[in-house]
>>> print(open('final-v7.cif').read())   # mmCIF, C-alpha atoms and all ligand atoms
data_protein
loop_
_atom_site.label_atom_id
_atom_site.label_comp_id
_atom_site.auth_asym_id
_atom_site.auth_seq_id
_atom_site.Cartn_x
_atom_site.Cartn_y
_atom_site.Cartn_z
CA MET S 2 0.00 0.00 0.00
CA ARG S 3 1.23 3.50 -0.85
CA ILE S 4 0.28 6.31 1.54
CA VAL S 5 1.02 10.03 1.34
CA TYR S 6 0.73 12.09 4.54
CA VAL S 7 0.42 15.87 4.16
CA ILE S 8 1.38 18.23 6.96
CA GLY S 9 1.98 21.97 6.95
CA THR S 10 1.31 23.67 10.27
CA ARG S 11 2.42 23.24 13.85
CA PRO S 12 -0.74 21.59 15.24
CA ASN S 13 -0.88 19.19 12.35
CA PHE S 14 2.63 17.91 12.99
CA VAL S 15 1.36 16.92 16.44
CA LYS S 16 -1.80 15.23 15.09
CA THR S 17 0.01 13.31 12.34
CA ALA S 18 3.18 12.07 14.08
CA PRO S 19 1.50 9.10 15.82
CA VAL S 20 -0.49 8.19 12.70
CA ILE S 21 2.67 7.87 10.61
CA GLY S 22 4.30 5.80 13.37
CA ALA S 23 1.32 3.45 13.73
CA LEU S 24 0.87 2.92 9.98
CA ARG S 25 4.59 2.32 9.43
CA ALA S 26 4.48 -0.33 12.16
CA ARG S 27 1.29 -1.89 10.76
CA LEU S 28 2.35 -1.78 7.09
CA PRO S 29 6.18 -2.05 7.11
CA GLU S 30 6.33 -3.05 3.45
CA GLY S 31 4.26 -0.07 2.31
CA ARG S 32 5.43 3.24 0.92
CA HIS S 33 4.95 6.02 3.49
CA ALA S 34 5.74 9.37 1.89
CA LEU S 35 5.63 12.60 3.87
CA VAL S 36 4.84 15.96 2.28
CA HIS S 37 5.44 19.22 4.19
CA THR S 38 3.59 22.09 2.51
CA GLY S 39 5.65 24.74 4.33
CA GLN S 40 2.62 26.78 5.50
CA HIS S 41 4.59 27.11 8.75
CA TYR S 42 8.25 27.60 7.98
CA ASP S 43 9.99 29.42 10.88
CA ARG S 44 12.47 27.10 12.58
CA LEU S 45 10.60 27.46 15.87
CA MET S 46 7.22 26.79 14.26
CA SER S 47 8.38 23.84 12.20
CA GLU S 48 11.78 22.12 12.47
CA VAL S 49 12.03 22.15 16.27
CA PHE S 50 8.57 20.61 16.47
CA LEU S 51 9.23 17.93 13.89
CA GLU S 52 12.47 16.92 15.62
CA GLU S 53 10.86 16.64 19.05
CA LEU S 54 7.97 14.61 17.70
CA GLY S 55 10.28 12.21 15.89
CA VAL S 56 8.55 12.89 12.57
CA PRO S 57 10.66 11.48 9.73
CA VAL S 58 12.38 13.93 7.38
CA PRO S 59 9.77 14.93 4.75
CA ASP S 60 10.16 13.34 1.32
CA HIS S 61 8.72 16.42 -0.37
CA LEU S 62 8.92 20.08 0.69
CA LEU S 63 6.45 22.35 -1.09
CA GLU S 64 7.69 25.59 0.52
CA VAL S 65 4.43 27.47 -0.04
CA GLY S 66 5.05 29.99 2.80
CA SER S 67 2.57 32.71 3.73
CA GLY S 68 0.11 34.68 1.62
CA SER S 69 -3.59 35.31 1.19
CA HIS S 70 -5.85 32.30 1.66
CA ALA S 71 -6.38 31.99 -2.09
CA ALA S 72 -2.68 32.31 -2.87
CA MET S 73 -1.64 29.81 -0.17
CA THR S 74 -4.29 27.28 -1.18
CA ALA S 75 -3.59 27.63 -4.89
CA ARG S 76 0.19 27.36 -4.43
CA THR S 77 -0.23 24.22 -2.34
CA MET S 78 -2.53 22.61 -4.92
CA GLU S 79 -0.20 23.46 -7.79
CA ARG S 80 2.85 22.02 -6.01
CA LEU S 81 1.12 18.99 -4.54
CA GLU S 82 -0.34 17.70 -7.80
CA PRO S 83 3.00 16.61 -9.36
CA VAL S 84 3.99 14.97 -6.06
CA LEU S 85 0.77 12.93 -6.06
CA ILE S 86 1.38 11.98 -9.70
CA GLU S 87 4.90 10.82 -8.80
CA GLU S 88 3.89 8.98 -5.61
CA SER S 89 0.69 7.55 -7.06
CA PRO S 90 -0.72 6.80 -3.58
CA ASP S 91 -3.63 4.52 -2.70
CA LEU S 92 -4.54 6.93 0.08
CA VAL S 93 -3.77 10.48 1.21
CA VAL S 94 -3.90 11.12 4.97
CA VAL S 95 -4.42 14.69 6.15
CA PRO S 96 -5.41 16.11 9.54
CA GLY S 97 -7.13 19.19 10.86
CA ASP S 98 -8.63 22.26 9.28
CA VAL S 99 -5.90 24.55 8.01
CA ASN S 100 -5.40 25.85 4.48
CA SER S 101 -2.95 23.01 3.77
CA THR S 102 -5.75 20.56 4.61
CA LEU S 103 -8.19 22.25 2.23
CA ALA S 104 -5.67 22.31 -0.61
CA THR S 105 -4.72 18.67 -0.09
CA VAL S 106 -8.28 17.39 -0.12
CA LEU S 107 -9.21 19.37 -3.23
CA THR S 108 -6.11 18.23 -5.11
CA ALA S 109 -6.48 14.56 -4.21
CA VAL S 110 -10.23 14.31 -4.82
CA LYS S 111 -9.86 15.81 -8.30
CA MET S 112 -7.21 13.19 -9.07
CA GLY S 113 -9.52 10.41 -7.87
CA ILE S 114 -7.29 9.56 -4.88
CA PRO S 115 -9.15 8.62 -1.67
CA VAL S 116 -8.51 10.82 1.34
CA ALA S 117 -8.53 9.99 5.05
CA HIS S 118 -9.34 13.02 7.21
CA VAL S 119 -8.07 12.93 10.78
CA GLU S 120 -10.06 15.07 13.28
CA SER S 121 -13.23 15.00 11.27
CA GLY S 122 -16.67 16.40 12.15
CA LEU S 123 -15.73 19.41 14.29
CA ARG S 124 -17.95 22.43 13.66
CA SER S 125 -18.02 25.93 15.15
CA PHE S 126 -21.01 26.91 12.94
CA ASP S 127 -19.15 30.15 12.27
CA MET S 128 -18.46 30.57 8.56
CA THR S 129 -16.36 33.67 9.17
CA MET S 130 -13.71 31.34 10.58
CA PRO S 131 -11.47 30.18 7.73
CA GLU S 132 -11.06 26.79 9.44
CA GLU S 133 -14.84 26.12 9.35
CA VAL S 134 -14.89 26.30 5.56
CA ASN S 135 -11.85 24.03 5.42
CA ARG S 136 -13.49 21.47 7.75
CA ILE S 137 -16.69 21.26 5.73
CA VAL S 138 -14.84 20.76 2.43
CA ALA S 139 -12.45 18.21 3.96
CA ASP S 140 -15.28 16.10 5.39
CA ARG S 141 -17.46 16.34 2.29
CA PHE S 142 -14.74 14.94 0.03
CA SER S 143 -12.86 12.51 2.26
CA GLU S 144 -13.66 8.83 2.06
CA LEU S 145 -12.46 7.86 5.54
CA LEU S 146 -13.47 10.18 8.37
CA PHE S 147 -11.67 9.70 11.69
CA LEU S 148 -13.64 11.25 14.57
CA HIS S 149 -12.50 12.10 18.08
CA SER S 150 -15.70 13.12 19.83
CA GLU S 151 -19.37 12.15 19.87
CA GLU S 152 -20.81 15.45 18.65
CA ALA S 153 -18.92 14.98 15.38
CA VAL S 154 -21.35 12.18 14.44
CA GLY S 155 -24.39 14.49 14.62
CA ASN S 156 -22.56 17.28 12.81
CA LEU S 157 -21.65 14.99 9.90
CA ARG S 158 -25.09 13.35 9.70
CA ALA S 159 -26.66 16.83 9.52
CA GLU S 160 -24.56 17.42 6.39
CA GLY S 161 -25.82 14.19 4.83
CA ILE S 162 -22.62 12.21 5.34
CA PRO S 163 -23.34 8.48 5.71
CA ASP S 164 -22.33 6.61 8.86
CA GLU S 165 -20.22 4.10 6.86
CA ARG S 166 -17.60 6.80 6.28
CA MET S 167 -17.29 7.65 9.99
CA HIS S 168 -14.88 5.94 12.38
CA MET S 169 -14.74 6.95 16.04
CA VAL S 170 -11.07 6.49 16.86
CA GLY S 171 -10.17 9.08 19.51
CA ASN S 172 -7.72 11.94 19.55
CA THR S 173 -4.31 11.62 17.90
CA MET S 174 -3.11 14.90 19.45
CA ILE S 175 -3.60 13.24 22.83
CA ASP S 176 -1.61 10.21 21.57
CA THR S 177 1.36 12.54 21.12
CA LEU S 178 0.84 14.12 24.52
CA VAL S 179 0.70 10.70 26.20
CA ALA S 180 3.82 9.55 24.34
CA LEU S 181 5.75 12.63 25.50
CA GLU S 182 4.36 12.76 29.04
CA GLU S 183 7.38 11.40 30.87
CA ARG S 184 9.67 13.83 29.05
CA PHE S 185 7.57 16.97 29.49
CA ARG S 186 6.82 16.20 33.15
CA ALA S 187 10.59 16.11 33.71
CA ALA S 188 11.29 19.30 31.71
CA GLY S 189 10.62 21.79 34.54
CA SER S 190 10.10 24.69 32.13
CA ALA S 191 8.16 26.84 34.65
CA ARG S 192 11.01 26.94 37.14
CA ARG S 193 13.49 27.70 34.37
CA LEU S 194 11.37 30.74 33.47
CA GLY S 195 11.28 31.71 37.15
CA VAL S 196 7.57 31.08 37.73
CA GLU S 197 6.00 28.88 40.40
CA PRO S 198 4.19 25.74 39.13
CA GLY S 199 0.41 26.12 39.62
CA ALA S 200 0.60 29.88 40.13
CA TYR S 201 0.87 31.42 36.64
CA ALA S 202 -1.32 31.94 33.59
CA LEU S 203 -0.12 30.64 30.22
CA VAL S 204 -1.42 32.61 27.22
CA THR S 205 -1.52 31.85 23.48
CA LEU S 206 -3.37 34.00 20.94
CA HIS S 207 -3.13 33.87 17.15
CA ARG S 208 -6.56 33.95 15.49
CA PRO S 209 -7.17 36.75 12.98
CA ALA S 210 -10.48 37.72 14.67
CA LEU S 211 -8.51 38.58 17.80
CA VAL S 212 -5.05 39.65 16.73
CA ASP S 213 -5.52 41.23 13.28
CA GLY S 214 -8.10 43.83 14.30
CA PRO S 215 -9.02 46.41 16.93
CA LEU S 216 -9.31 43.88 19.81
CA LEU S 217 -5.56 43.35 20.21
CA PRO S 218 -4.67 46.59 22.10
CA GLU S 219 -7.36 45.98 24.72
CA THR S 220 -6.37 42.32 25.01
CA VAL S 221 -2.76 43.30 25.72
CA ALA S 222 -3.93 45.90 28.28
CA GLN S 223 -6.05 43.23 30.00
CA LEU S 224 -3.12 40.82 30.09
CA VAL S 225 -0.96 43.51 31.70
CA ALA S 226 -3.71 43.95 34.33
CA LEU S 227 -3.90 40.17 34.87
CA ALA S 228 -0.12 40.11 35.38
CA ALA S 229 -0.65 42.22 38.51
CA GLU S 230 -2.58 39.24 39.97
CA MET S 231 -0.53 36.32 38.66
CA PRO S 232 2.54 35.91 36.42
CA VAL S 233 1.55 35.78 32.73
CA VAL S 234 3.68 33.67 30.40
CA PHE S 235 2.98 34.40 26.73
CA PRO S 236 4.84 32.59 23.91
CA VAL S 237 3.97 34.72 20.90
CA HIS S 238 2.93 33.29 17.50
CA PRO S 239 4.63 35.09 14.55
CA ARG S 240 1.32 36.49 13.32
CA THR S 241 0.61 37.99 16.77
CA ARG S 242 4.17 39.28 17.16
CA LYS S 243 3.89 41.26 13.92
CA MET S 244 0.64 42.83 15.08
CA MET S 245 1.99 43.56 18.58
CA GLU S 246 5.08 45.23 17.14
CA SER S 247 2.87 47.51 15.06
CA LEU S 248 1.03 48.56 18.27
CA ASP S 249 4.21 49.91 19.76
CA ALA S 250 2.72 49.36 23.25
CA ASP S 251 4.50 48.51 26.48
CA HIS S 252 3.76 45.18 28.10
CA PRO S 253 5.00 45.49 31.69
CA GLY S 254 4.83 42.26 33.68
CA LEU S 255 4.22 39.97 30.70
CA LEU S 256 6.80 37.19 30.20
CA LEU S 257 6.85 37.25 26.39
CA SER S 258 8.81 34.65 24.44
CA GLU S 259 9.32 33.26 20.97
CA PRO S 260 7.16 30.24 20.04
CA LEU S 261 8.31 27.35 22.24
CA GLY S 262 9.20 23.77 21.40
CA TYR S 263 6.47 21.24 22.16
CA LEU S 264 8.12 19.70 25.23
CA ASP S 265 8.66 23.12 26.80
CA PHE S 266 5.14 24.15 25.92
CA LEU S 267 3.51 21.01 27.32
CA SER S 268 5.59 21.36 30.47
CA LEU S 269 4.29 24.92 30.94
CA LEU S 270 0.75 23.80 30.12
CA ALA S 271 0.76 20.93 32.61
CA ASP S 272 2.07 23.20 35.39
CA ALA S 273 -0.14 26.24 34.65
CA GLY S 274 -2.66 27.56 37.15
CA ALA S 275 -4.78 28.73 34.23
CA VAL S 276 -4.56 28.90 30.45
CA LEU S 277 -5.97 31.64 28.24
CA THR S 278 -6.15 30.81 24.55
CA ASP S 279 -7.93 31.03 21.21
CA SER S 280 -6.38 27.76 19.98
CA GLY S 281 -8.38 24.61 19.32
CA GLY S 282 -5.72 22.08 20.25
CA ILE S 283 -4.96 23.75 23.58
CA GLN S 284 -8.61 23.42 24.61
CA GLU S 285 -8.15 19.67 24.11
CA GLU S 286 -4.76 19.36 25.80
CA THR S 287 -5.98 21.24 28.90
CA THR S 288 -9.02 18.95 29.03
CA TYR S 289 -6.79 15.90 29.05
CA LEU S 290 -4.48 17.43 31.67
CA GLY S 291 -7.35 18.78 33.82
CA ILE S 292 -6.07 22.38 33.69
CA PRO S 293 -8.60 25.27 33.72
CA CYS S 294 -8.75 26.83 30.26
CA PHE S 295 -10.39 30.14 29.31
CA THR S 296 -11.12 30.47 25.60
CA LEU S 297 -11.27 33.96 24.14
CA ARG S 298 -13.75 33.14 21.38
CA ASP S 299 -17.53 33.35 20.86
CA ASN S 300 -17.78 29.66 19.98
CA THR S 301 -15.86 26.45 19.98
CA GLU S 302 -15.86 23.49 17.60
CA ARG S 303 -14.82 21.44 20.63
CA PRO S 304 -17.85 21.51 22.99
CA VAL S 305 -16.58 18.24 24.49
CA THR S 306 -13.99 20.36 26.35
CA ILE S 307 -16.76 22.44 27.92
CA ASP S 308 -18.76 19.35 28.92
CA ALA S 309 -15.61 17.99 30.56
CA GLY S 310 -15.65 21.04 32.86
CA THR S 311 -12.13 22.27 32.09
CA ASN S 312 -12.91 24.85 29.38
CA THR S 313 -14.84 28.13 29.75
CA LEU S 314 -15.84 30.24 26.75
CA LEU S 315 -15.15 33.88 27.61
CA GLY S 316 -16.52 35.25 24.33
CA LEU S 317 -14.51 37.32 21.88
CA ASP S 318 -14.26 39.99 24.55
CA PRO S 319 -10.93 41.08 26.05
CA ALA S 320 -12.74 42.66 29.05
CA ALA S 321 -13.70 39.12 30.17
CA ILE S 322 -10.03 38.43 30.99
CA ALA S 323 -10.54 40.48 34.16
CA ALA S 324 -12.92 37.80 35.48
CA ILE S 325 -10.30 35.01 35.41
CA PRO S 326 -8.91 35.36 38.97
CA ALA S 327 -12.42 35.24 40.51
CA ALA S 328 -13.42 32.30 38.28
CA LEU S 329 -10.32 30.41 39.41
CA ALA S 330 -11.07 31.07 43.07
CA ALA S 331 -14.67 29.82 42.64
CA ARG S 332 -13.73 26.79 40.57
CA ASP S 333 -14.64 23.24 41.52
CA SER S 334 -11.21 21.62 41.44
CA SER S 335 -12.32 17.98 41.61
CA PRO S 336 -10.48 15.96 38.95
CA SER S 337 -12.15 15.56 35.55
CA GLU S 338 -12.17 12.53 33.24
CA PRO S 339 -10.83 12.85 29.69
CA PRO S 340 -13.42 12.16 26.94
CA PRO S 341 -13.78 8.54 25.75
CA LEU S 342 -10.92 7.25 23.56
CA TRP S 343 -8.59 10.14 24.42
CA ASP S 344 -6.28 7.44 25.68
CA GLY S 345 -3.07 7.46 23.65
CA HIS S 346 -4.20 4.75 21.19
CA ALA S 347 -6.18 6.64 18.53
CA ALA S 348 -3.50 6.28 15.85
CA GLU S 349 -3.37 2.50 16.34
CA ARG S 350 -7.13 2.38 15.68
CA ILE S 351 -6.66 4.45 12.53
CA ALA S 352 -3.87 2.15 11.34
CA GLU S 353 -6.02 -0.91 11.97
CA ILE S 354 -8.93 0.49 9.94
CA ILE S 355 -6.71 1.58 7.04
CA ALA S 356 -4.71 -1.66 7.00
CA SER S 357 -7.77 -3.90 7.17
CA GLY S 358 -9.17 -2.15 4.10
CA THR S 359 -6.22 -3.23 1.96
C1 LIG S 401 -2.77 28.59 10.88
C2 LIG S 401 -4.15 28.01 10.68
C3 LIG S 401 -4.87 27.93 12.03
C4 LIG S 401 -4.03 27.20 13.05
C5 LIG S 401 -2.66 27.87 13.12
C6 LIG S 401 -1.75 27.18 14.13
C7 LIG S 401 -5.24 28.47 8.52
C8 LIG S 401 -6.33 29.19 7.88
N1 LIG S 401 -4.97 28.81 9.79
O1 LIG S 401 -2.94 29.92 11.35
O2 LIG S 401 -6.07 27.21 11.87
O3 LIG S 401 -4.66 27.26 14.32
O4 LIG S 401 -2.06 27.84 11.83
O5 LIG S 401 -0.59 27.92 14.36
O6 LIG S 401 -4.64 27.61 7.92
N2 LIG S 401 4.13 33.26 9.92
C9 LIG S 401 5.48 33.33 10.09
N3 LIG S 401 6.17 32.16 10.16
C10 LIG S 401 5.56 30.95 10.10
C11 LIG S 401 4.16 30.90 9.94
C12 LIG S 401 3.46 32.06 9.86
O7 LIG S 401 6.07 34.40 10.16
O8 LIG S 401 6.25 29.91 10.21
C13 LIG S 401 3.36 34.53 9.85
C14 LIG S 401 3.12 35.00 8.45
O9 LIG S 401 3.18 36.38 8.41
C15 LIG S 401 1.71 34.60 8.16
C16 LIG S 401 1.08 34.64 9.53
O10 LIG S 401 2.12 34.32 10.45
O11 LIG S 401 1.06 35.43 7.25
C17 LIG S 401 -0.04 33.68 9.69
O12 LIG S 401 0.30 32.37 9.26
P1 LIG S 401 -0.81 31.41 8.58
O13 LIG S 401 -0.21 30.12 8.25
O14 LIG S 401 -1.54 32.19 7.55
O15 LIG S 401 -1.88 31.21 9.66
P2 LIG S 401 -1.77 30.99 11.20
O16 LIG S 401 -2.21 32.27 11.82
O17 LIG S 401 -0.49 30.39 11.64
#
>>> encode(input="final-v7.cif", output="structure tokens", more="lines below")
Ligand code: UD1
Amino acid sequence: MRIVYVIGTRPNFVKTAPVIGALRARLPEGRHALVHTGQHYDRLMSEVFLEELGVPVPDHLLEVGSGSHAAMTARTMERLEPVLIEESPDLVVVPGDVNSTLATVLTAVKMGIPVAHVESGLRSFDMTMPEEVNRIVADRFSELLFLHSEEAVGNLRAEGIPDERMHMVGNTMIDTLVALEERFRAAGSARRLGVEPGAYALVTLHRPALVDGPLLPETVAQLVALAAEMPVVFPVHPRTRKMMESLDADHPGLLLSEPLGYLDFLSLLADAGAVLTDSGGIQEETTYLGIPCFTLRDNTERPVTIDAGTNTLLGLDPAAIAAIPAALAARDSSPSEPPPLWDGHAAERIAEIIASGT
């Protein structure tokens, strides 16, 4: 069997690493070719991550870089097509909801190559989010849909997708977290930064709705105010850094850093007193780790993290950051259970399904 895996952005390296490992182990005689689109290209956003995750060196680098959504998607499609002609795969495996995912699915489906979509069925019901469009297209045109939470089934059925295409396998991002747990628990990144485990807030923000428009200055002001209550550690995504530099504002009290490696980041996440984010993956990781997460968005495509009791939607409203200390004080801190099948074995289930179809 010939399989092509397509990755391009930081979260998708994390979601795909265990799938490649499990399928290589299950189908050792097969061809397993890795394509990196290059949507994320900074060393800290890409190479460091791939090394830590033990992802093999990509066989094909498309180097698409940044650009408008149309330009990025078109460039990826144009450069991926000859690779798929050369590799002639039986299956293309692609995770998530980023522009690389959209481009991959469109290219493969038009060439008649079946696609397996990992992390299928998530919906925010917010079409202004670029990822929502990407998710709908990916699920509509993929033959094998790998789901990680129950609500995905209803979302897909509502779009007319038949049950035969759906496979509830669990969460491959959590597979990676489980595989790295011993290492990140030993990393001690909080103490190295000079903050007390359990006593600081970890912040990540990168979505256009928050960082590209007028909400960013107030968000930064609110973070500075929060830092008066508890240390605020903020590894800054390149998109956010560019926007913050253009603000020319002071950020007293904020511990700003470059994007971190995954082990360092997970270490900080596991030891945080609270997490403030607009990321999807971090809502899931905090749910698994039982860390209180505050999500600065109006909606989430991951309601399972709210049901689990770890995640609170603050709304797309920087003023809500001020409520975090009181919410933490009032919080029920009894331990929560991770959702079903978030157990470190999702990729093995995927490999079993793909291999048994050969
Ligand atoms: C993308 C995904 C988002 C995902 C996020 C994870 C889409 C539509 N968005 O958002 O779903 O949550 O990745 O990080 O695919 N840049 C660099 N170096 C890099 C990468 C980006 O400087 O290595 C800068 C560029 O100026 C670029 C901007 O950051 O224009 C945004 O990058 P882009 O890939 O468009 O989207 P993300 O915001 O990273």
>>> residues_near_ligand(input="final-v7.cif", ligand="ligand LIG 401 (chain S)", cutoff="9 Å", atoms="all atoms listed in the file", output="PyMOL selection string")
chain S and resi 9-13+39-47+66-70+73+97-103+130-132+135+207-209+238-243+279-282
>>> residues_around(input="final-v7.cif", residues="Arg193 of chain S", least_positions_apart="4", cutoff="12 Å", atoms="all atoms listed in the file", output="list in words")
Ala187, Ala188, Gly189, Glu197, Pro198, Asp265, Ser268 and Leu269 of chain S
>>> atom_distance(input="final-v7.cif", atom1="atom CA of Glu349 of chain S", atom2="atom CA of Arg186 of chain S")
24.0 Å
>>> closest_residue(input="final-v7.cif", among="S:Leu28, S:Leu264, S:Leu217, S:Ile283", to="Ala180 of chain S", atoms="only C-alpha atoms")
S:Leu264
>>> closest_residue(input="final-v7.cif", among="S:Val234, S:Leu178, S:Val154, S:Ala250", to="Gly274 of chain S", atoms="only C-alpha atoms")
S:Val234
>>> closest_residue(input="final-v7.cif", among="S:Pro336, S:Pro236, S:Pro29, S:Pro19", to="Glu259 of chain S", atoms="all atoms listed in the file")
S:Pro236
>>> closest_residue(input="final-v7.cif", among="S:Tyr6, S:Asp299, S:Val276, S:Glu160", to="Pro326 of chain S", atoms="all atoms listed in the file")
S:Val276
>>> residues_near_point(input="final-v7.cif", point="(-15.4, 5.0, 19.9)", cutoff="8 Å", atoms="only C-alpha atoms", output="ChimeraX atom specification")
/S:149,168-171,341-342
>>> atom_distance(input="final-v7.cif", atom1="atom CA of Ala228 of chain S", atom2="atom CA of Gly254 of chain S")
5.7 Å
>>> closest_residue(input="final-v7.cif", among="S:Leu148, S:Cys294, S:Ala331, S:Ser121", to="Glu133 of chain S", atoms="all atoms listed in the file")
S:Ser121
>>> axis_aligned_box(input="final-v7.cif", around="segment 71-89 of chain S", padding_each_side="3 Å", output="JSON")
{"center_x": -0.7, "center_y": 19.9, "center_z": -4.9, "size_x": 17.3, "size_y": 30.8, "size_z": 15.5}
>>> residues_near_point(input="final-v7.cif", point="(-13.2, 13.2, 28.1)", cutoff="9 Å", atoms="all atoms listed in the file", output="ChimeraX atom specification")
/S:150,288-289,305-306,308-309,337-343
>>> atom_distance(input="final-v7.cif", atom1="atom CA of Gly199 of chain S", atom2="atom CA of Pro319 of chain S")
23.2 Å
>>> closest_residue(input="final-v7.cif", among="S:Ala159, S:Ile354, S:Arg332, S:Ser125", to="Arg27 of chain S", atoms="all atoms listed in the file")
S:Ile354
>>> residues_around(input="final-v7.cif", residues="Arg76 of chain S", least_positions_apart="4", cutoff="9 Å", atoms="only C-alpha atoms", output="number ranges by chain")
S: 63, 65, 71-72, 80-81, 104
>>> write_last_selection(input="final-v7.cif", atoms="C-alpha atoms", output="mmCIF file, in the coordinates of the input")
data_model
loop_
_atom_site.group_PDB
_atom_site.id
_atom_site.type_symbol
_atom_site.label_atom_id
_atom_site.label_comp_id
_atom_site.auth_asym_id
_atom_site.auth_seq_id
_atom_site.Cartn_x
_atom_site.Cartn_y
_atom_site.Cartn_z
ATOM 1 C CA LEU S 63 6.450 22.350 -1.090
ATOM 2 C CA VAL S 65 4.430 27.470 -0.040
ATOM 3 C CA ALA S 71 -6.380 31.990 -2.090
ATOM 4 C CA ALA S 72 -2.680 32.310 -2.870
ATOM 5 C CA ARG S 80 2.850 22.020 -6.010
ATOM 6 C CA LEU S 81 1.120 18.990 -4.540
ATOM 7 C CA ALA S 104 -5.670 22.310 -0.610
#
>>> residues_around(input="final-v7.cif", residues="segment 105-117 of chain S", least_positions_apart="4", cutoff="7 Å", atoms="all atoms listed in the file", output="list in words")
Met78, Glu82, Asp91, Leu92, Val93, Val94, Val95, Ser101, Ala139, Phe142, Ser143, Glu144, Leu145 and Leu146 of chain S
